[in-house]
Amino acid sequence: MAALDHDRARRRGYPEAVFCEGKSAAQLQAIATALRERHRGEPDAVVPRTLFTRADEERAAAVLEVLPEALHEPTARLLAWPPAPPEPSGGLVVIACAGTSDLPVAREAELTARYLGRRTELVVDVGIAGLHRILGRVDTLRRAAAIVVVAGMDGALPGVVAGLVSAPVVAVPTSVGYGASFDGLAALLTMLNSCAPGVGVVNIDNGYGGGHLAAQIAAPRA
């Protein structure tokens, strides 16, 4: 039986997320039931937003049986409960996505940052194969307090972005690419070896981790 960390929102400022991959439908329903019982009678405005990540259709359906009002975003394989994001605070988080194939990870990052309380803006199809596309969005990038850059293939986009802006860049490699990309390892190594300072790298396909870190960077300061 899962032991939910209900105190994490108070302790860290952000609630625990539920990683659905590897969990059975029954386990996810037990977790969803525990959440509902924990917050029964509380107005949505005060309930910490819980994210269910890496939820395929079967696992999403299991959660929705218990929490039918939860937001379900199939592209990102993510559910959020309660369904409305909190009122945004802090700085803007921009998520730049190299290609449409990277969109599931980018959407996971965007929704994570939004449900952790940040304003978000998603910029899609700005990979370096057409450098004019990212150069055309520099004004948007420079308004951000933190930028998440999601890319597969050669993984060069985060270094390009970091050379254009003053905000920290969170690089998220994806497993998109042909054989020599090694399921995202090539992009990961490129991002780790970026010559542009100010680039932090999370794990392959970890949109949740990238969005969470960016939300923390862009959080309001006391």
# chains A, B, ... in the order shown; residues from 1 in each chain; ligands from 1

call {"tool": "residues_around", "arguments": {"residues": "range 28-35 of chain A", "least_positions_apart": "6", "cutoff": "8 Å", "atoms": "only C-alpha atoms", "output": "count of residues only"}}
result
9

call {"tool": "select_by_dssp", "arguments": {"residues": "range 11-44 of chain A", "states": "alpha helix (DSSP H)", "output": "PyMOL selection string"}}
result
chain A and resi 11-12+25-38

call {"tool": "write_last_selection", "arguments": {"atoms": "N, CA and C atoms", "output": "PDB file, in the first residue's frame"}}
result
ATOM      1  N   ARG A  11       5.898  21.160   3.824  1.00  0.00           N
ATOM      2  CA  ARG A  11       7.339  21.094   4.070  1.00  0.00           C
ATOM      3  C   ARG A  11       8.153  21.730   2.941  1.00  0.00           C
ATOM      4  N   ARG A  12       7.732  21.477   1.701  1.00  0.00           N
ATOM      5  CA  ARG A  12       8.515  21.926   0.557  1.00  0.00           C
ATOM      6  C   ARG A  12       7.825  23.004  -0.266  1.00  0.00           C
ATOM      7  N   ALA A  25      -3.822  -0.587 -11.737  1.00  0.00           N
ATOM      8  CA  ALA A  25      -5.043   0.219 -11.646  1.00  0.00           C
ATOM      9  C   ALA A  25      -5.561   0.248 -10.214  1.00  0.00           C
ATOM     10  N   ALA A  26      -5.490  -0.893  -9.534  1.00  0.00           N
ATOM     11  CA  ALA A  26      -5.973  -0.953  -8.150  1.00  0.00           C
ATOM     12  C   ALA A  26      -5.137  -0.069  -7.232  1.00  0.00           C
ATOM     13  N   GLN A  27      -3.836  -0.046  -7.430  1.00  0.00           N
ATOM     14  CA  GLN A  27      -2.982   0.807  -6.611  1.00  0.00           C
ATOM     15  C   GLN A  27      -3.286   2.280  -6.840  1.00  0.00           C
ATOM     16  N   LEU A  28      -3.490   2.645  -8.090  1.00  0.00           N
ATOM     17  CA  LEU A  28      -3.789   4.047  -8.401  1.00  0.00           C
ATOM     18  C   LEU A  28      -5.152   4.457  -7.840  1.00  0.00           C
ATOM     19  N   GLN A  29      -6.113   3.553  -7.892  1.00  0.00           N
ATOM     20  CA  GLN A  29      -7.419   3.874  -7.333  1.00  0.00           C
ATOM     21  C   GLN A  29      -7.342   4.032  -5.813  1.00  0.00           C
ATOM     22  N   ALA A  30      -6.505   3.227  -5.171  1.00  0.00           N
ATOM     23  CA  ALA A  30      -6.325   3.378  -3.721  1.00  0.00           C
ATOM     24  C   ALA A  30      -5.692   4.721  -3.390  1.00  0.00           C
ATOM     25  N   ILE A  31      -4.721   5.141  -4.186  1.00  0.00           N
ATOM     26  CA  ILE A  31      -4.076   6.443  -3.972  1.00  0.00           C
ATOM     27  C   ILE A  31      -5.079   7.571  -4.195  1.00  0.00           C
ATOM     28  N   ALA A  32      -5.832   7.490  -5.286  1.00  0.00           N
ATOM     29  CA  ALA A  32      -6.829   8.522  -5.579  1.00  0.00           C
ATOM     30  C   ALA A  32      -7.889   8.587  -4.486  1.00  0.00           C
ATOM     31  N   THR A  33      -8.309   7.446  -3.968  1.00  0.00           N
ATOM     32  CA  THR A  33      -9.298   7.418  -2.887  1.00  0.00           C
ATOM     33  C   THR A  33      -8.739   8.051  -1.626  1.00  0.00           C
ATOM     34  N   ALA A  34      -7.480   7.758  -1.311  1.00  0.00           N
ATOM     35  CA  ALA A  34      -6.853   8.353  -0.129  1.00  0.00           C
ATOM     36  C   ALA A  34      -6.776   9.870  -0.251  1.00  0.00           C
ATOM     37  N   LEU A  35      -6.485  10.365  -1.443  1.00  0.00           N
ATOM     38  CA  LEU A  35      -6.444  11.810  -1.659  1.00  0.00           C
ATOM     39  C   LEU A  35      -7.821  12.431  -1.461  1.00  0.00           C
ATOM     40  N   ARG A  36      -8.830  11.813  -2.069  1.00  0.00           N
ATOM     41  CA  ARG A  36     -10.176  12.356  -1.932  1.00  0.00           C
ATOM     42  C   ARG A  36     -10.606  12.374  -0.467  1.00  0.00           C
ATOM     43  N   GLU A  37     -10.351  11.302   0.266  1.00  0.00           N
ATOM     44  CA  GLU A  37     -10.759  11.244   1.672  1.00  0.00           C
ATOM     45  C   GLU A  37      -9.992  12.265   2.511  1.00  0.00           C
ATOM     46  N   ARG A  38      -8.738  12.449   2.202  1.00  0.00           N
ATOM     47  CA  ARG A  38      -7.908  13.397   2.942  1.00  0.00           C
ATOM     48  C   ARG A  38      -8.458  14.820   2.848  1.00  0.00           C
TER      49      ARG A  38
END

call {"tool": "atom_distance", "arguments": {"atom1": "CA of Arg118 in chain A", "atom2": "CA of Ala144 in chain A"}}
result
10.9 Å

call {"tool": "residues_around", "arguments": {"residues": "Ala214 in chain A", "least_positions_apart": "6", "cutoff": "9 Å", "atoms": "only C-alpha atoms", "output": "short mmCIF file (atom, residue, chain, number, x, y, z; two decimals) with C-alpha atoms, in the first residue's frame"}}
result
data_model
loop_
_atom_site.label_atom_id
_atom_site.label_comp_id
_atom_site.auth_asym_id
_atom_site.auth_seq_id
_atom_site.Cartn_x
_atom_site.Cartn_y
_atom_site.Cartn_z
CA VAL A 93 7.95 30.01 -17.30
CA VAL A 94 8.43 29.57 -21.04
CA ALA A 109 6.67 20.31 -18.34
CA ALA A 113 4.83 24.42 -13.95
CA ALA A 145 12.04 34.05 -15.31
CA ALA A 146 12.94 30.46 -16.27
CA ILE A 147 12.93 28.58 -19.56
CA VAL A 148 12.44 24.87 -20.14
CA PRO A 168 18.26 30.03 -16.27
CA VAL A 169 17.57 27.30 -18.83
CA VAL A 170 16.34 23.87 -17.79
#

call {"tool": "atom_distance", "arguments": {"atom1": "CA of Leu103 in chain A", "atom2": "CA of Arg143 in chain A"}}
result
21.7 Å

call {"tool": "atom_distance", "arguments": {"atom1": "CA of Glu16 in chain A", "atom2": "CA of Leu92 in chain A"}}
result
22.4 Å

call {"tool": "residues_around", "arguments": {"residues": "Pro197 in chain A", "least_positions_apart": "6", "cutoff": "9 Å", "atoms": "only C-alpha atoms", "output": "PyMOL selection string"}}
result
chain A and resi 159+162-163+168

call {"tool": "closest_atom_pairs", "arguments": {"of": "range 114-198 of chain A", "to": "range 43-58 of chain A", "cutoff": "12 Å", "atoms": "only C-alpha atoms", "output": "JSON lines"}}
result
{"residue": "A:Arg114", "atom": "CA", "partner": "A:Arg49", "partner_atom": "CA", "distance": 10.3}
{"residue": "A:Tyr115", "atom": "CA", "partner": "A:Arg49", "partner_atom": "CA", "distance": 6.5}
{"residue": "A:Leu116", "atom": "CA", "partner": "A:Arg49", "partner_atom": "CA", "distance": 7.5}
{"residue": "A:Gly117", "atom": "CA", "partner": "A:Arg49", "partner_atom": "CA", "distance": 9.4}
